[in-house]
Amino acid sequence: MESLEPNREPSETPSPRRFSERRVSSTRGGRGRIFRPVALLAAMAGVATTALGGDWPQILGPRRDGVADNEHLADRWPDSGPPLAWRYSVGAGYAGPVVGRTPAGELRLVIYHRQADRTVAECLDGASGKQLWRAAFPTAYASSIAPDDGPRCGPLIHAGAVYLFSAEGDVHCLDFATGAVRWSRSLGRELDAPPGYFGFGSTPIVAGERLLLNVGARGAGIVALALGDGKTIWQATSDAASYSSPIATTLGGRQRVIFVTRLHVVSVDPATGAEGFRIPFGMRGPTVNAATPLLLGDRLFVTANYGVGARLLRLADDRAEEIWSSDDLLSSQYVTPVLHQGTLYGIDGRQDVGVARLRAVDPLARRVMWTKDEFGMASLILADEKLLAMKVDGTLKLIAARPDGYRELASAELFDSTTQALPALAEGRFFARDTQTLKCFDLRGR
């Protein structure tokens, strides 16, 4: 089989319709070689947040692909569930925890949430849950649709700093060691950017010495800020914001950041904002693009629901050519699939309509390997050839990552409430939260 390994919610809904299947090709610039996995691994080290084994410094882990490095997980849990190491009270929000290290190698967890009229960032000792610092900022955000008014974007840890993006479009940079505020910008208000259905929810990314954000303002759809002082370096496009987070890569030897915006897949040069390729993706009306794009070697997989469906694109230089488009394979409302040995594991369906299902898909053959019907919505992490599926009903499932059939290894109820924030995994410690409590569970194999 050809290798595909990566180079390492609204309440108002539209009537679903099948996404039309067509070939789309967009070209900016000249020809060049198709990038390969080894080249992409080397390139990503220069443009994305880097991490040691066991770190989880940003949304979806070290490479924003939901894959945990160097983890060894237990194959079974006690009848009472995995051991609870500690718990910590938190407030509102869907922002998941992230984990970095001190120079001495100690795990530090950062959580971003809301308490009353403040958004709050806190740093905890990863082993004990002890608070090490706290930083708070005033907020007046009120969602017009969602019952929750907290942050949507998890923190981003990079080179001794923590970057925060609030639901009302405020950006803050904190010192990772002390929590001291280095700089802040009220970017949403400054650019008069619309907050969307659920506020701002596309987690920023670091590329070189720049922080790139999908803000969604006219003439400033994508914005680059200087890491050191938060000053604007460039503004580009007028693409409305999505809830999908961008990824960094290299195309034809050039650094690029790929965004899934409200209605497009767009690549930009992180140094200048110059646009590479642009592919239509999305649908007007009460729909969202929320899953993070996923690199599969020299291909790009994007997925949405609401009748939009999934697409597989072939990338070369600053060009993207559609391989296939389908609404029958893996159409995810917001969950990002994970890739293991050429098979994509993901959630097909929606949380608010019907019952979502877990699927294993061969994206090259465009074939469903197996389906677990009525599984429900869940966030996925791949580790130690296993899937950790944190379901929104508070249940954690441990599943063998195998293309030949669904095999559940363990199951435990971790929360008795809705659990939508993305979890994190570091050194066998599983960090998950609802809108009241952050918990740490020991999943390590013995």
# chains A, B, ... in the order shown; residues from 1 in each chain; ligands from 1
$ residues_around --residues "A:Trp370" --least-positions-apart "5" --cutoff "8 Å" --atoms "only C-alpha atoms" --output "list in words"
Arg359, Ala360, Val361, Pro403, Asp404, Gly405 and Tyr406 of chain A
$ write_last_selection --atoms "C-alpha atoms" --output "tab-separated table (two decimals), in the first residue's frame"
chain	number	residue	atom	x	y	z
A	359	ARG	CA	-14.98	4.85	11.32
A	360	ALA	CA	-11.75	3.45	9.94
A	361	VAL	CA	-11.18	4.62	6.37
A	403	PRO	CA	-8.09	-1.59	10.15
A	404	ASP	CA	-9.58	-5.09	10.37
A	405	GLY	CA	-12.36	-4.31	12.85
A	406	TYR	CA	-13.46	-2.42	15.94
$ select_by_dssp --residues "stretch 145-191 of chain A" --states "strand (DSSP E)" --output "JSON list (two decimals) with C-alpha atoms, in the first residue's frame"
[["chain", "number", "residue", "atom", "x", "y", "z"],
["A", 156, "LEU", "CA", -0.10, 27.47, 22.71],
["A", 157, "ILE", "CA", 3.28, 26.93, 24.39],
["A", 158, "HIS", "CA", 6.34, 27.93, 22.36],
["A", 161, "ALA", "CA", 5.98, 31.76, 26.08],
["A", 162, "VAL", "CA", 2.26, 30.96, 26.26],
["A", 163, "TYR", "CA", -0.12, 32.43, 23.67],
["A", 164, "LEU", "CA", -3.85, 32.80, 24.32],
["A", 165, "PHE", "CA", -6.72, 33.67, 21.96],
["A", 170, "ASP", "CA", -8.14, 39.14, 22.53],
["A", 171, "VAL", "CA", -4.58, 37.84, 22.15],
["A", 172, "HIS", "CA", -2.23, 37.55, 25.13],
["A", 173, "CYS", "CA", 1.40, 36.47, 25.42],
["A", 174, "LEU", "CA", 2.57, 35.25, 28.84],
["A", 175, "ASP", "CA", 5.88, 34.08, 30.21],
["A", 181, "VAL", "CA", 2.10, 39.28, 30.73],
["A", 182, "ARG", "CA", 4.51, 40.16, 27.91],
["A", 183, "TRP", "CA", 1.92, 41.79, 25.62],
["A", 184, "SER", "CA", -1.81, 41.86, 24.80],
["A", 185, "ARG", "CA", -3.89, 42.88, 21.78],
["A", 186, "SER", "CA", -7.67, 43.32, 21.44]]
$ closest_residue --among "A:Gly230, A:Gly285, A:Gly154, A:Gly179" --to "A:Phe200" --atoms "only C-alpha atoms"
A:Gly154
$ select_by_dssp --residues "stretch 166-357 of chain A" --states "helix (DSSP H, G or I)" --output "VMD selection string"
chain A and resid 187 to 190
$ residues_around --residues "A:Val67" --least-positions-apart "3" --cutoff "9 Å" --atoms "only C-alpha atoms" --output "PyMOL selection string"
chain A and resi 60-64+338-340+380-383
$ closest_residue --among "A:Gly54, A:Gly96, A:Pro204, A:Pro280" --to "A:Leu425" --atoms "only C-alpha atoms"
A:Gly54
$ closest_residue --among "A:Leu388, A:Asp434, A:Ala104, A:Tyr306" --to "A:Leu409" --atoms "only C-alpha atoms"
A:Leu388
$ closest_residue --among "A:Ala274, A:Ala74, A:Ala412, A:Leu300" --to "A:Val260" --atoms "only C-alpha atoms"
A:Leu300
$ closest_residue --among "A:Thr419, A:Ser331, A:Asn289, A:Thr261" --to "A:Ser238" --atoms "only C-alpha atoms"
A:Thr261
$ residues_around --residues "A:Met283" --least-positions-apart "5" --cutoff "9 Å" --atoms "only C-alpha atoms" --output "MDAnalysis selection string"
chainID A and resid 262:263 288:289 306:308
$ closest_residue --among "A:Gln420, A:Tyr197, A:Asp362, A:Val206" --to "A:Thr287" --atoms "only C-alpha atoms"
A:Tyr197
$ atom_distance --atom1 "atom CA of A:Val355" --atom2 "atom CA of A:Thr437"
26.2 Å
$ residues_around --residues "A:Tyr88" --least-positions-apart "2" --cutoff "10 Å" --atoms "only C-alpha atoms" --output "MDAnalysis selection string"
chainID A and resid 86 90 124 129:131 433 436:440
$ write_last_selection --atoms "N, CA and C atoms" --output "JSON list (two decimals), in the first residue's frame"
[["chain", "number", "residue", "atom", "x", "y", "z"],
["A", 86, "TRP", "N", -5.08, 13.43, 40.03],
["A", 86, "TRP", "CA", -5.50, 14.64, 40.71],
["A", 86, "TRP", "C", -6.64, 15.30, 39.95],
["A", 90, "VAL", "N", -12.12, 24.22, 37.52],
["A", 90, "VAL", "CA", -11.99, 25.19, 36.44],
["A", 90, "VAL", "C", -13.37, 25.78, 36.16],
["A", 124, "LEU", "N", -0.19, 24.60, 36.05],
["A", 124, "LEU", "CA", -0.19, 23.60, 37.11],
["A", 124, "LEU", "C", 0.98, 22.65, 36.94],
["A", 129, "GLY", "N", -0.79, 18.59, 40.04],
["A", 129, "GLY", "CA", -1.92, 19.48, 39.89],
["A", 129, "GLY", "C", -1.82, 20.75, 40.72],
["A", 130, "LYS", "N", -0.68, 20.98, 41.36],
["A", 130, "LYS", "CA", -0.50, 22.19, 42.17],
["A", 130, "LYS", "C", -0.39, 23.42, 41.28],
["A", 131, "GLN", "N", -1.12, 24.50, 41.67],
["A", 131, "GLN", "CA", -1.06, 25.74, 40.89],
["A", 131, "GLN", "C", 0.30, 26.42, 41.08],
["A", 433, "ARG", "N", -11.08, 17.73, 30.67],
["A", 433, "ARG", "CA", -11.88, 18.66, 31.46],
["A", 433, "ARG", "C", -13.30, 18.76, 30.94],
["A", 436, "GLN", "N", -16.30, 22.29, 34.70],
["A", 436, "GLN", "CA", -16.19, 22.43, 36.15],
["A", 436, "GLN", "C", -14.88, 21.90, 36.69],
["A", 437, "THR", "N", -14.38, 20.83, 36.10],
["A", 437, "THR", "CA", -13.23, 20.14, 36.67],
["A", 437, "THR", "C", -12.25, 19.70, 35.60],
["A", 438, "LEU", "N", -10.96, 19.90, 35.88],
["A", 438, "LEU", "CA", -9.87, 19.34, 35.10],
["A", 438, "LEU", "C", -9.34, 18.13, 35.86],
["A", 439, "LYS", "N", -9.19, 17.00, 35.17],
["A", 439, "LYS", "CA", -8.74, 15.78, 35.82],
["A", 439, "LYS", "C", -7.50, 15.21, 35.11],
["A", 440, "CYS", "N", -6.65, 14.57, 35.89],
["A", 440, "CYS", "CA", -5.48, 13.88, 35.37],
["A", 440, "CYS", "C", -5.59, 12.40, 35.71]]
$ residues_around --residues "A:Pro195" --least-positions-apart "2" --cutoff "10 Å" --atoms "only C-alpha atoms" --output "list of chain:residue names"
A:Tyr141, A:Ser143, A:Ser144, A:Ala167, A:Glu168, A:Gly169, A:Gly188, A:Arg189, A:Asp192, A:Ala193, A:Tyr197, A:Phe198, A:Gly199, A:Phe200, A:Gly201, A:Val215, A:Gly216, A:Ala217, A:Ala240, A:Ala241, A:Ser242
$ residues_around --residues "A:Asp75" --least-positions-apart "5" --cutoff "9 Å" --atoms "only C-alpha atoms" --output "PyMOL selection string"
chain A and resi 386+398+409-410+445
$ write_last_selection --atoms "N, CA and C atoms" --output "PDB file, in the first residue's frame"
ATOM      1  N   LYS A 386      -2.972   2.582  19.819  1.00  0.00           N
ATOM      2  CA  LYS A 386      -4.307   2.563  20.401  1.00  0.00           C
ATOM      3  C   LYS A 386      -4.974   3.917  20.184  1.00  0.00           C
ATOM      4  N   LEU A 398     -10.820   3.020  25.161  1.00  0.00           N
ATOM      5  CA  LEU A 398      -9.514   2.602  24.666  1.00  0.00           C
ATOM      6  C   LEU A 398      -9.759   1.553  23.592  1.00  0.00           C
ATOM      7  N   LEU A 409     -10.800  -2.139  24.044  1.00  0.00           N
ATOM      8  CA  LEU A 409      -9.945  -2.714  25.072  1.00  0.00           C
ATOM      9  C   LEU A 409     -10.391  -2.344  26.478  1.00  0.00           C
ATOM     10  N   ALA A 410     -10.923  -1.138  26.640  1.00  0.00           N
ATOM     11  CA  ALA A 410     -11.346  -0.684  27.966  1.00  0.00           C
ATOM     12  C   ALA A 410     -12.284   0.497  27.819  1.00  0.00           C
ATOM     13  N   GLY A 445       1.337   2.110  31.005  1.00  0.00           N
ATOM     14  CA  GLY A 445       1.487   0.663  31.110  1.00  0.00           C
ATOM     15  C   GLY A 445       2.549   0.328  32.118  1.00  0.00           C
TER      16      GLY A 445
END
$ atom_distance --atom1 "atom CA of A:Asp327" --atom2 "atom CA of A:His264"
16.8 Å
